[in-house]
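See below for final04.tsv, which holds TSV, C-alpha atoms and all ligand atoms.
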chain	number	residue	atom	x	y	z
F	1	MET	CA	33.82	-7.80	19.20
F	2	THR	CA	32.00	-5.91	21.88
F	3	ARG	CA	31.33	-3.07	19.47
F	4	ARG	CA	29.98	-5.46	16.82
F	5	LEU	CA	27.74	-7.05	19.39
F	6	ALA	CA	26.51	-3.64	20.43
F	7	GLN	CA	25.76	-2.82	16.79
F	8	CYS	CA	23.91	-6.07	16.40
F	9	VAL	CA	21.87	-5.42	19.49
F	10	GLY	CA	21.08	-1.95	18.18
F	11	GLY	CA	20.12	-3.38	14.79
F	12	CYS	CA	18.02	-6.07	16.38
F	13	MET	CA	16.21	-3.46	18.40
F	14	VAL	CA	15.34	-1.57	15.23
F	15	VAL	CA	14.04	-4.79	13.68
F	16	ALA	CA	12.10	-5.57	16.83
F	17	ALA	CA	10.58	-2.09	16.81
F	18	LEU	CA	9.54	-2.52	13.20
F	19	LEU	CA	7.98	-5.84	14.06
F	20	VAL	CA	6.00	-4.25	16.85
F	21	VAL	CA	4.74	-1.51	14.53
F	22	GLY	CA	3.84	-4.16	11.98
F	23	ALA	CA	2.30	-6.56	14.48
F	24	GLY	CA	-1.08	-6.25	12.88
F	25	GLY	CA	0.45	-7.75	9.76
F	26	PRO	CA	0.33	-6.36	6.25
F	27	ALA	CA	-1.76	-3.24	5.91
F	28	LEU	CA	-5.28	-3.73	4.65
F	29	ALA	CA	-4.28	-1.57	1.70
F	30	ASP	CA	-2.22	-4.55	0.53
F	31	TYR	CA	-5.27	-6.74	0.27
F	32	LYS	CA	-6.93	-7.21	-3.07
F	33	ASP	CA	-10.55	-6.19	-3.59
F	34	GLU	CA	-11.24	-9.72	-4.71
F	35	TYR	CA	-9.51	-13.10	-4.47
F	36	ARG	CA	-10.27	-15.37	-7.39
F	37	VAL	CA	-11.12	-18.95	-6.44
F	38	SER	CA	-11.13	-21.56	-9.19
F	39	THR	CA	-13.36	-24.65	-9.21
F	40	VAL	CA	-14.52	-26.96	-11.97
F	41	VAL	CA	-18.19	-27.23	-11.01
F	42	PRO	CA	-20.37	-24.67	-9.18
F	43	ALA	CA	-23.04	-25.11	-6.49
F	44	PRO	CA	-25.25	-27.12	-6.13
F	45	PHE	CA	-22.61	-29.76	-6.85
F	46	PRO	CA	-20.99	-30.57	-3.46
F	47	TRP	CA	-17.68	-29.24	-4.82
F	48	GLY	CA	-19.20	-25.82	-5.53
F	49	LEU	CA	-21.06	-25.85	-2.22
F	50	ALA	CA	-17.78	-26.45	-0.38
F	51	ALA	CA	-16.09	-23.57	-2.18
F	52	GLU	CA	-19.03	-21.25	-1.47
F	53	ARG	CA	-18.98	-22.16	2.20
F	54	TRP	CA	-15.25	-21.39	2.34
F	55	ALA	CA	-15.81	-17.96	0.82
F	56	GLU	CA	-18.74	-17.18	3.13
F	57	LEU	CA	-16.93	-18.21	6.30
F	58	ALA	CA	-13.73	-16.41	5.33
F	59	ALA	CA	-15.61	-13.18	4.60
F	60	GLU	CA	-17.55	-13.43	7.85
F	61	ARG	CA	-14.51	-14.08	10.02
F	62	THR	CA	-12.28	-11.45	8.46
F	63	ASP	CA	-15.07	-8.83	8.58
F	64	GLY	CA	-15.02	-8.73	4.80
F	65	ARG	CA	-11.28	-8.12	4.50
F	66	ILE	CA	-10.94	-11.28	2.44
F	67	ASN	CA	-13.45	-11.27	-0.36
F	68	MET	CA	-13.29	-14.55	-2.26
F	69	VAL	CA	-15.17	-14.83	-5.53
F	70	ILE	CA	-15.71	-18.24	-7.09
F	71	TYR	CA	-15.03	-18.82	-10.77
F	72	PRO	CA	-16.44	-22.22	-11.72
F	73	GLY	CA	-15.98	-24.09	-14.98
F	74	ALA	CA	-12.20	-23.67	-14.66
F	75	GLN	CA	-12.93	-20.43	-16.56
F	76	LEU	CA	-9.77	-18.74	-15.26
F	77	VAL	CA	-7.83	-21.27	-17.35
F	78	GLN	CA	-10.30	-21.27	-20.27
F	79	GLY	CA	-11.83	-24.53	-19.11
F	80	GLU	CA	-8.54	-26.39	-19.17
F	81	GLN	CA	-8.81	-27.78	-15.69
F	82	THR	CA	-5.44	-29.58	-15.82
F	83	ARG	CA	-3.77	-26.15	-15.99
F	84	GLU	CA	-5.41	-24.92	-12.80
F	85	PHE	CA	-2.58	-25.84	-10.45
F	86	THR	CA	0.09	-24.18	-12.58
F	87	ALA	CA	-2.02	-21.03	-12.87
F	88	MET	CA	-2.39	-20.92	-9.09
F	89	ARG	CA	1.33	-21.47	-8.60
F	90	ARG	CA	2.05	-18.54	-10.90
F	91	GLY	CA	-0.54	-16.31	-9.26
F	92	VAL	CA	-2.89	-16.11	-12.23
F	93	ILE	CA	-5.40	-17.71	-9.86
F	94	ASP	CA	-5.30	-16.71	-6.18
F	95	MET	CA	-6.95	-19.79	-4.72
F	96	ALA	CA	-8.67	-22.98	-5.74
F	97	VAL	CA	-10.71	-25.90	-4.55
F	98	GLY	CA	-9.30	-28.47	-6.92
F	99	SER	CA	-9.49	-32.17	-7.65
F	100	THR	CA	-6.41	-34.31	-7.20
F	101	ILE	CA	-7.07	-35.61	-10.72
F	102	ASN	CA	-6.77	-32.17	-12.27
F	103	TRP	CA	-3.57	-31.34	-10.36
F	104	SER	CA	-1.92	-34.71	-10.97
F	105	PRO	CA	-0.23	-33.68	-14.24
F	106	GLN	CA	1.94	-31.34	-12.12
F	107	ILE	CA	2.15	-33.46	-8.96
F	108	VAL	CA	2.45	-37.09	-9.98
F	109	GLU	CA	1.88	-38.35	-6.41
F	110	MET	CA	-1.76	-37.24	-6.65
F	111	ASN	CA	-2.37	-40.14	-9.01
F	112	ILE	CA	-2.42	-42.31	-5.93
F	113	PHE	CA	-6.16	-41.61	-5.64
F	114	SER	CA	-6.55	-42.82	-9.23
F	115	LEU	CA	-4.85	-46.18	-8.68
F	116	PRO	CA	-7.58	-48.60	-9.72
F	117	PHE	CA	-9.36	-50.33	-6.83
F	118	LEU	CA	-6.88	-49.15	-4.17
F	119	MET	CA	-9.58	-47.63	-1.92
F	120	PRO	CA	-12.53	-49.93	-1.26
F	121	ASP	CA	-14.57	-47.53	0.90
F	122	TYR	CA	-14.76	-44.09	2.52
F	123	ALA	CA	-12.69	-45.23	5.50
F	124	ALA	CA	-9.88	-46.08	3.08
F	125	LEU	CA	-10.14	-42.67	1.43
F	126	ASP	CA	-10.03	-41.00	4.85
F	127	ALA	CA	-7.03	-43.13	5.86
F	128	LEU	CA	-5.14	-41.61	2.95
F	129	THR	CA	-6.16	-37.96	3.18
F	130	GLN	CA	-5.94	-37.86	6.99
F	131	GLY	CA	-2.73	-39.89	7.30
F	132	PRO	CA	0.89	-39.78	6.16
F	133	VAL	CA	-0.06	-40.00	2.48
F	134	GLY	CA	-2.11	-36.82	2.75
F	135	GLU	CA	0.73	-35.12	4.61
F	136	ARG	CA	3.20	-36.08	1.88
F	137	ILE	CA	0.88	-34.69	-0.79
F	138	PHE	CA	0.53	-31.43	1.14
F	139	GLU	CA	4.34	-31.24	1.32
F	140	ARG	CA	4.59	-31.64	-2.44
F	141	ILE	CA	2.07	-28.81	-2.88
F	142	ARG	CA	4.08	-26.56	-0.54
F	143	GLU	CA	7.23	-27.30	-2.57
F	144	ASN	CA	5.36	-25.73	-5.49
F	145	GLU	CA	4.70	-22.38	-3.76
F	146	VAL	CA	1.12	-23.19	-3.05
F	147	VAL	CA	-0.32	-23.48	0.46
F	148	PRO	CA	-2.67	-26.44	1.00
F	149	LEU	CA	-5.25	-25.96	3.74
F	150	ALA	CA	-7.88	-28.68	3.85
F	151	TRP	CA	-9.52	-31.61	2.09
F	152	ALA	CA	-13.01	-31.99	0.69
F	153	GLU	CA	-14.38	-34.47	-1.80
F	154	ASN	CA	-15.69	-34.97	-5.28
F	155	GLY	CA	-16.30	-38.65	-4.57
F	156	PHE	CA	-16.11	-42.24	-5.71
F	157	ARG	CA	-16.27	-42.28	-9.48
F	158	GLU	CA	-18.81	-44.69	-10.90
F	159	VAL	CA	-18.97	-45.67	-14.54
F	160	THR	CA	-22.05	-44.81	-16.63
F	161	ASN	CA	-23.00	-45.31	-20.28
F	162	SER	CA	-25.87	-45.28	-22.72
F	163	LYS	CA	-25.44	-48.79	-24.15
F	164	VAL	CA	-25.06	-51.67	-21.74
F	165	ALA	CA	-25.24	-52.76	-18.11
F	166	ILE	CA	-21.55	-53.29	-17.31
F	167	ARG	CA	-21.00	-56.36	-15.15
F	168	THR	CA	-17.72	-57.70	-16.58
F	169	PRO	CA	-14.75	-56.06	-18.28
F	170	ALA	CA	-15.94	-57.72	-21.52
F	171	ASP	CA	-19.08	-55.54	-21.38
F	172	MET	CA	-16.86	-52.49	-21.80
F	173	ARG	CA	-15.32	-53.64	-25.04
F	174	GLY	CA	-15.37	-50.86	-27.63
F	175	LEU	CA	-17.35	-48.42	-25.47
F	176	LYS	CA	-16.36	-44.86	-26.27
F	177	MET	CA	-15.63	-43.33	-22.88
F	178	ARG	CA	-14.90	-39.76	-21.94
F	179	VAL	CA	-12.08	-39.75	-19.38
F	180	VAL	CA	-10.42	-37.05	-17.30
F	181	GLY	CA	-7.04	-35.47	-17.80
F	182	SER	CA	-4.53	-37.77	-16.20
F	183	PRO	CA	-2.96	-40.38	-18.51
F	184	ILE	CA	-3.66	-43.10	-15.93
F	185	TYR	CA	-7.34	-42.98	-17.01
F	186	ASN	CA	-6.43	-43.74	-20.59
F	187	ASP	CA	-4.40	-46.69	-19.34
F	188	ILE	CA	-7.21	-48.02	-17.13
F	189	PHE	CA	-9.92	-47.83	-19.79
F	190	THR	CA	-7.64	-49.23	-22.47
F	191	ALA	CA	-6.80	-52.17	-20.19
F	192	LEU	CA	-10.54	-52.75	-19.76
F	193	GLY	CA	-11.03	-52.93	-23.52
F	194	ALA	CA	-12.90	-49.62	-23.82
F	195	ASN	CA	-12.07	-46.77	-26.17
F	196	PRO	CA	-11.16	-43.79	-23.93
F	197	THR	CA	-11.00	-40.15	-25.06
F	198	GLN	CA	-9.52	-37.60	-22.73
F	199	MET	CA	-11.48	-34.34	-22.58
F	200	SER	CA	-12.13	-31.48	-20.21
F	201	TRP	CA	-15.37	-31.21	-18.29
F	202	ALA	CA	-16.36	-28.30	-20.53
F	203	ASP	CA	-16.09	-30.57	-23.59
F	204	ALA	CA	-17.53	-33.61	-21.85
F	205	GLN	CA	-21.00	-32.13	-21.39
F	206	PRO	CA	-21.76	-31.52	-25.10
F	207	ALA	CA	-20.08	-34.85	-25.96
F	208	LEU	CA	-22.50	-36.62	-23.64
F	209	SER	CA	-25.58	-34.77	-24.83
F	210	THR	CA	-24.86	-35.33	-28.51
F	211	GLY	CA	-23.90	-38.97	-27.97
F	212	ALA	CA	-20.38	-38.35	-29.29
F	213	VAL	CA	-19.27	-40.58	-26.42
F	214	ASP	CA	-21.11	-43.59	-24.98
F	215	GLY	CA	-20.15	-43.09	-21.39
F	216	GLN	CA	-18.16	-41.41	-18.66
F	217	GLU	CA	-17.10	-41.81	-15.06
F	218	ASN	CA	-17.90	-39.35	-12.28
F	219	PRO	CA	-19.32	-39.32	-8.75
F	220	LEU	CA	-23.08	-39.81	-8.58
F	221	THR	CA	-23.52	-36.31	-7.20
F	222	ILE	CA	-22.21	-35.02	-10.54
F	223	TYR	CA	-24.49	-37.49	-12.35
F	224	SER	CA	-27.58	-36.37	-10.45
F	225	VAL	CA	-27.06	-32.59	-10.46
F	226	LEU	CA	-26.38	-32.77	-14.20
F	227	LYS	CA	-29.38	-35.10	-14.69
F	228	MET	CA	-27.28	-37.45	-16.80
F	229	HIS	CA	-30.22	-39.83	-17.12
F	230	GLU	CA	-31.75	-37.19	-19.40
F	231	LEU	CA	-28.59	-37.40	-21.53
F	232	GLY	CA	-29.14	-41.10	-22.16
F	233	GLN	CA	-26.72	-42.28	-19.48
F	234	ASP	CA	-29.11	-44.94	-18.24
F	235	HIS	CA	-26.66	-47.59	-17.07
F	236	ILE	CA	-24.57	-47.13	-13.94
F	237	THR	CA	-22.18	-49.66	-12.47
F	238	LEU	CA	-21.18	-49.16	-8.84
F	239	TRP	CA	-17.56	-50.27	-8.85
F	240	ARG	CA	-15.82	-47.68	-6.64
F	241	TYR	CA	-12.65	-47.96	-8.67
F	242	VAL	CA	-11.21	-44.56	-7.69
F	243	ALA	CA	-12.22	-41.45	-5.74
F	244	ASP	CA	-11.00	-37.90	-6.11
F	245	PRO	CA	-10.63	-35.76	-3.03
F	246	LEU	CA	-10.57	-31.98	-3.34
F	247	ILE	CA	-7.94	-29.70	-1.86
F	248	PHE	CA	-8.40	-26.08	-0.71
F	249	ALA	CA	-5.26	-24.14	-1.54
F	250	VAL	CA	-3.87	-20.60	-1.83
F	251	ASN	CA	-1.03	-19.14	-3.89
F	252	GLN	CA	1.98	-18.65	-1.60
F	253	ALA	CA	2.43	-14.90	-2.23
F	254	VAL	CA	-1.26	-14.28	-1.62
F	255	TRP	CA	-1.05	-16.28	1.60
F	256	ASP	CA	2.00	-14.32	2.74
F	257	SER	CA	0.18	-11.06	2.12
F	258	PHE	CA	-2.45	-11.92	4.74
F	259	SER	CA	-1.99	-11.01	8.40
F	260	GLU	CA	-1.35	-13.95	10.69
F	261	GLU	CA	-4.80	-13.52	12.16
F	262	ASP	CA	-6.45	-13.61	8.75
F	263	ARG	CA	-4.42	-16.65	7.71
F	264	GLY	CA	-5.87	-18.40	10.75
F	265	HIS	CA	-9.39	-17.41	9.72
F	266	VAL	CA	-8.92	-18.59	6.13
F	267	LEU	CA	-7.49	-21.90	7.33
F	268	ASP	CA	-10.31	-22.49	9.83
F	269	ALA	CA	-12.87	-21.57	7.19
F	270	ALA	CA	-11.32	-24.12	4.79
F	271	LEU	CA	-11.31	-26.87	7.41
F	272	GLU	CA	-14.94	-26.22	8.25
F	273	ALA	CA	-15.99	-25.95	4.61
F	274	GLY	CA	-14.07	-29.16	3.89
F	275	ALA	CA	-15.96	-31.08	6.58
F	276	TYR	CA	-19.23	-29.75	5.18
F	277	GLY	CA	-18.13	-30.57	1.63
F	278	ILE	CA	-17.41	-34.18	2.57
F	279	GLU	CA	-20.78	-34.47	4.29
F	280	VAL	CA	-22.70	-33.28	1.23
F	281	ALA	CA	-20.52	-35.34	-1.14
F	282	ARG	CA	-21.41	-38.53	0.75
F	283	ALA	CA	-25.08	-37.81	1.43
F	284	GLY	CA	-27.23	-40.66	0.10
F	285	LEU	CA	-24.20	-42.66	-1.02
F	286	THR	CA	-23.22	-44.50	2.16
F	287	ALA	CA	-23.88	-48.06	3.33
F	288	ASP	CA	-26.61	-46.90	5.72
F	289	ASP	CA	-28.16	-44.31	3.41
F	290	GLU	CA	-28.39	-45.11	-0.28
F	291	SER	CA	-31.14	-42.57	-0.92
F	292	LEU	CA	-29.36	-40.86	-3.81
F	293	ILE	CA	-28.84	-44.20	-5.57
F	294	GLU	CA	-32.52	-45.03	-5.01
F	295	GLU	CA	-33.56	-41.66	-6.37
F	296	ILE	CA	-31.53	-42.29	-9.53
F	297	GLU	CA	-33.04	-45.78	-9.90
F	298	GLY	CA	-36.41	-44.08	-9.66
F	299	PHE	CA	-35.67	-42.38	-13.00
F	300	GLY	CA	-35.56	-45.81	-14.63
F	301	VAL	CA	-31.77	-46.01	-14.61
F	302	THR	CA	-30.24	-49.50	-14.33
F	303	VAL	CA	-27.86	-49.54	-11.38
F	304	THR	CA	-25.57	-52.58	-11.43
F	305	ARG	CA	-24.02	-53.64	-8.14
F	306	LEU	CA	-21.03	-55.96	-8.44
F	307	SER	CA	-20.51	-59.00	-6.25
F	308	SER	CA	-17.00	-59.26	-4.84
F	309	ASP	CA	-16.08	-61.87	-7.48
F	310	GLU	CA	-17.36	-59.64	-10.24
F	311	ARG	CA	-15.38	-56.71	-8.86
F	312	ALA	CA	-12.29	-58.91	-8.69
F	313	ALA	CA	-12.42	-59.40	-12.46
F	314	PHE	CA	-12.00	-55.62	-12.91
F	315	VAL	CA	-9.15	-55.62	-10.38
F	316	ASP	CA	-7.42	-58.38	-12.36
F	317	ALA	CA	-7.90	-56.59	-15.65
F	318	THR	CA	-6.23	-53.42	-14.32
F	319	ARG	CA	-3.42	-55.07	-12.33
F	320	ASP	CA	-0.71	-54.11	-14.83
F	321	VAL	CA	-1.84	-50.48	-14.83
F	322	TYR	CA	-1.62	-50.49	-11.03
F	323	ALA	CA	1.90	-51.98	-11.13
F	324	ASP	CA	3.08	-49.51	-13.76
F	325	TRP	CA	1.69	-46.47	-11.95
F	326	ARG	CA	2.98	-47.70	-8.60
F	327	GLU	CA	6.46	-47.03	-9.98
F	328	ARG	CA	5.54	-43.70	-11.52
F	329	ILE	CA	3.86	-42.41	-8.36
F	330	GLY	CA	6.61	-43.78	-6.13
F	331	ALA	CA	6.57	-47.29	-4.71
F	332	ASP	CA	7.23	-45.94	-1.18
F	333	LEU	CA	4.15	-43.78	-1.22
F	334	VAL	CA	1.98	-46.59	-2.60
F	335	ASP	CA	3.28	-48.95	0.08
F	336	MET	CA	2.46	-46.31	2.68
F	337	ALA	CA	-1.05	-45.98	1.24
F	338	GLU	CA	-1.64	-49.74	1.25
F	339	GLU	CA	-0.49	-49.86	4.85
F	340	SER	CA	-2.73	-46.96	5.92
F	341	ILE	CA	-5.68	-48.69	4.26
F	342	ALA	CA	-4.91	-52.08	5.83
F	343	ASN	CA	-4.83	-50.41	9.28
F	344	ARG	CA	-7.92	-48.26	8.83
D	401	LIG	O1	-13.96	-33.43	-15.19
D	401	LIG	C1	-14.49	-34.16	-14.35
D	401	LIG	O2	-14.93	-35.28	-14.61
D	401	LIG	C2	-14.61	-33.67	-12.93
D	401	LIG	C3	-15.65	-32.58	-12.89
D	401	LIG	O3	-15.02	-34.72	-12.10
D	401	LIG	C4	-13.27	-33.18	-12.49
D	401	LIG	O4	-12.96	-32.03	-12.57
D	401	LIG	C5	-12.28	-34.17	-11.99
In structure tokens, what does this structure look like?
Amino acid sequence: MTRRLAQCVGGCMVVAALLVVGAGGPALADYKDEYRVSTVVPAPFPWGLAAERWAELAAERTDGRINMVIYPGAQLVQGEQTREFTAMRRGVIDMAVGSTINWSPQIVEMNIFSLPFLMPDYAALDALTQGPVGERIFERIRENEVVPLAWAENGFREVTNSKVAIRTPADMRGLKMRVVGSPIYNDIFTALGANPTQMSWADAQPALSTGAVDGQENPLTIYSVLKMHELGQDHITLWRYVADPLIFAVNQAVWDSFSEEDRGHVLDAALEAGAYGIEVARAGLTADDESLIEEIEGFGVTVTRLSSDERAAFVDATRDVYADWRERIGADLVDMAEESIANR
């Protein structure tokens, strides 16, 4: 017994000595020349700006040890943005700033942000990302060997089209709409009487410019940077039906290869870039500053604002989709979200 203890102490001392030698963490030689960061859109979209800021701050704070290069257009997965999370989990992509919509095929809980009309305003969105719902989503990411660091924002997704000012669900009947890659969007637009087609962002842009689809839904920052009014999208309805936050994340093995000090720098850089990303995503789109909406109206675009009764008609029309997806996402998590929003 005594001898075994002595051996253990001896062994522990060797381990301790190794730890002291390795206190600086993994040798710099273990670092890659470049860490590949996936996004869907580049700067000057707020999403791309947030990713760029993350890379800049991380490089600055690690004295260039961590060199992050941004690959927009989901090009690391050949434009198939719904494969981004899996590619990061497997290490094909080192890092990403990704939308909850694009990662929801792998993590069903992320569809919570796509539940129609759950979040009425930015405070509601913040109540989810900054509360227990956000924590649960981060846990689910960690369970998939990916390390989540911070939140940013794509934004509230408003509906646009080239045909009609949408004020009631009936106005959407038969409209050919490009939708994003979670099946909940097919369900929502079908319930509203439209004709949804799921396609990647890479395919959406030519489909909009050729008129292959009548409309789409995206945050107004995406609308304005892409100048969608020049693509015939001259009707916008502000309905705030869903919003997609963005998450900064790193492949687990890549994360583990960083020294503790550098992990701290990368995390701080993500938190700071996330705060900046949210600021630019909301600029001109808040109750006290609608300047981006006004700028878009200045191009001759019809912007339809719904009264609360008008909005309620859309809520009614999508109630069954909400109920169905509440079960798929997990009723507990949806209850938690409703509670966080009620207490915001
Ligand atoms: O594809 C979209 O619509 C976009 C750019 O908003 C996302 O990646 C979710």
Item to complete: Could you give me the residues within 8 Å of ligand LIG 401 (chain D), counting all atoms listed in the file, as a count of residues only?
Response: 22
Response to the item:
From atom CA of Asp268 of chain F to atom CA of Trp151 of chain F the spacing works out at 12.0 Å
Where's the centre, and what are the edge lengths in Å to one decimal, of a box along x, y and z enclosing all listed atoms of segment 246-256 of chain F padded 8 Å per side, as JSON?
{"center_x": -4.1, "center_y": -23.1, "center_z": -0.6, "size_x": 29.0, "size_y": 33.7, "size_z": 22.6}
Worksheet entry | 10 Å contact set for Glu56 of chain F, only C-alpha atoms, chain neighbours under 3 positions out, as a ChimeraX atom specification | /F:50-53,59-61,64,66-69,269,273
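Counting only C-alpha atoms, the residue from F:Pro132, F:Gly211, F:Pro183, F:Gly264 that sits nearest to Asp335 of chain F is F:Pro132.
Nearest to Gly330 of chain F of all the residues F:Ile137, F:Met177, F:Val108, F:Val213 is F:Val108, counting all atoms listed in the file.
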Fill in: Counting all atoms listed in the file, the residue of F:Tyr276, F:Phe117, F:Trp239, F:Trp255 that sits nearest Thr318 of chain F
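Using all atoms listed in the file, the shortest distance to Thr318 of chain F belongs to F:Phe117.
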Item to complete: Grab the atom CA of Ile247 of chain F to atom CA of Glu143 of chain F distance for me, in Å with one decimal place.
Response: 15.4 Å
Discussion item. Just want the 8 Å neighbourhood of Ala123 of chain F, counted on only C-alpha atoms, with same-chain residues fewer than 2 positions away dropped. Output as a list in words.
Written reply: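 Non-adjacent residues within range: Asp121, Leu125, Asp126, Ala127, Ile341 and Arg344 of chain F.
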Discussion item. Can you tell me which residues surround Val250 of chain F at a distance of at most 8 Å, considering only C-alpha atoms, apart from same-chain residues fewer than 4 positions away, and format the answer as an NGL selection string?
Written reply: :F and (88 or 94-96 or 146-149 or 254-255)
Worksheet entry | Polymer residues at most 9 Å from (-22.5, -36.9, -19.7) by all atoms listed in the file, as a list in words | Thr160, Asn161, Arg178, Ala204, Gln205, Pro206, Ala207, Leu208, Ser209, Gly211, Val213, Asp214, Gly215, Gln216, Glu217, Tyr223, Leu226, Lys227, Met228, His229, Leu231, Gly232 and Gln233 of chain F
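We find atom CA of Phe85 of chain F and atom CA of Arg136 of chain F to be spaced 17.0 Å apart.
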Fill in: Among listed residues F:Thr237, F:Ser162, F:Asn251, F:Asn186, nearest Thr86 of chain F (using all atoms listed in the file)
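Residue with the minimum atom-to-atom distance to Thr86 of chain F: F:Asn251.
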Worksheet item: Looking at F:Ala87, F:Val303, F:Pro245, F:Gln130, which one is nearest to Ala165 of chain F, with distances taken over only C-alpha atoms?
Response: F:Val303
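For the set F:Glu290, F:Glu84, F:Glu135, F:Glu310, the residue with the smallest atom-to-atom gap to Asp171 of chain F is F:Glu310, counting all atoms listed in the file.
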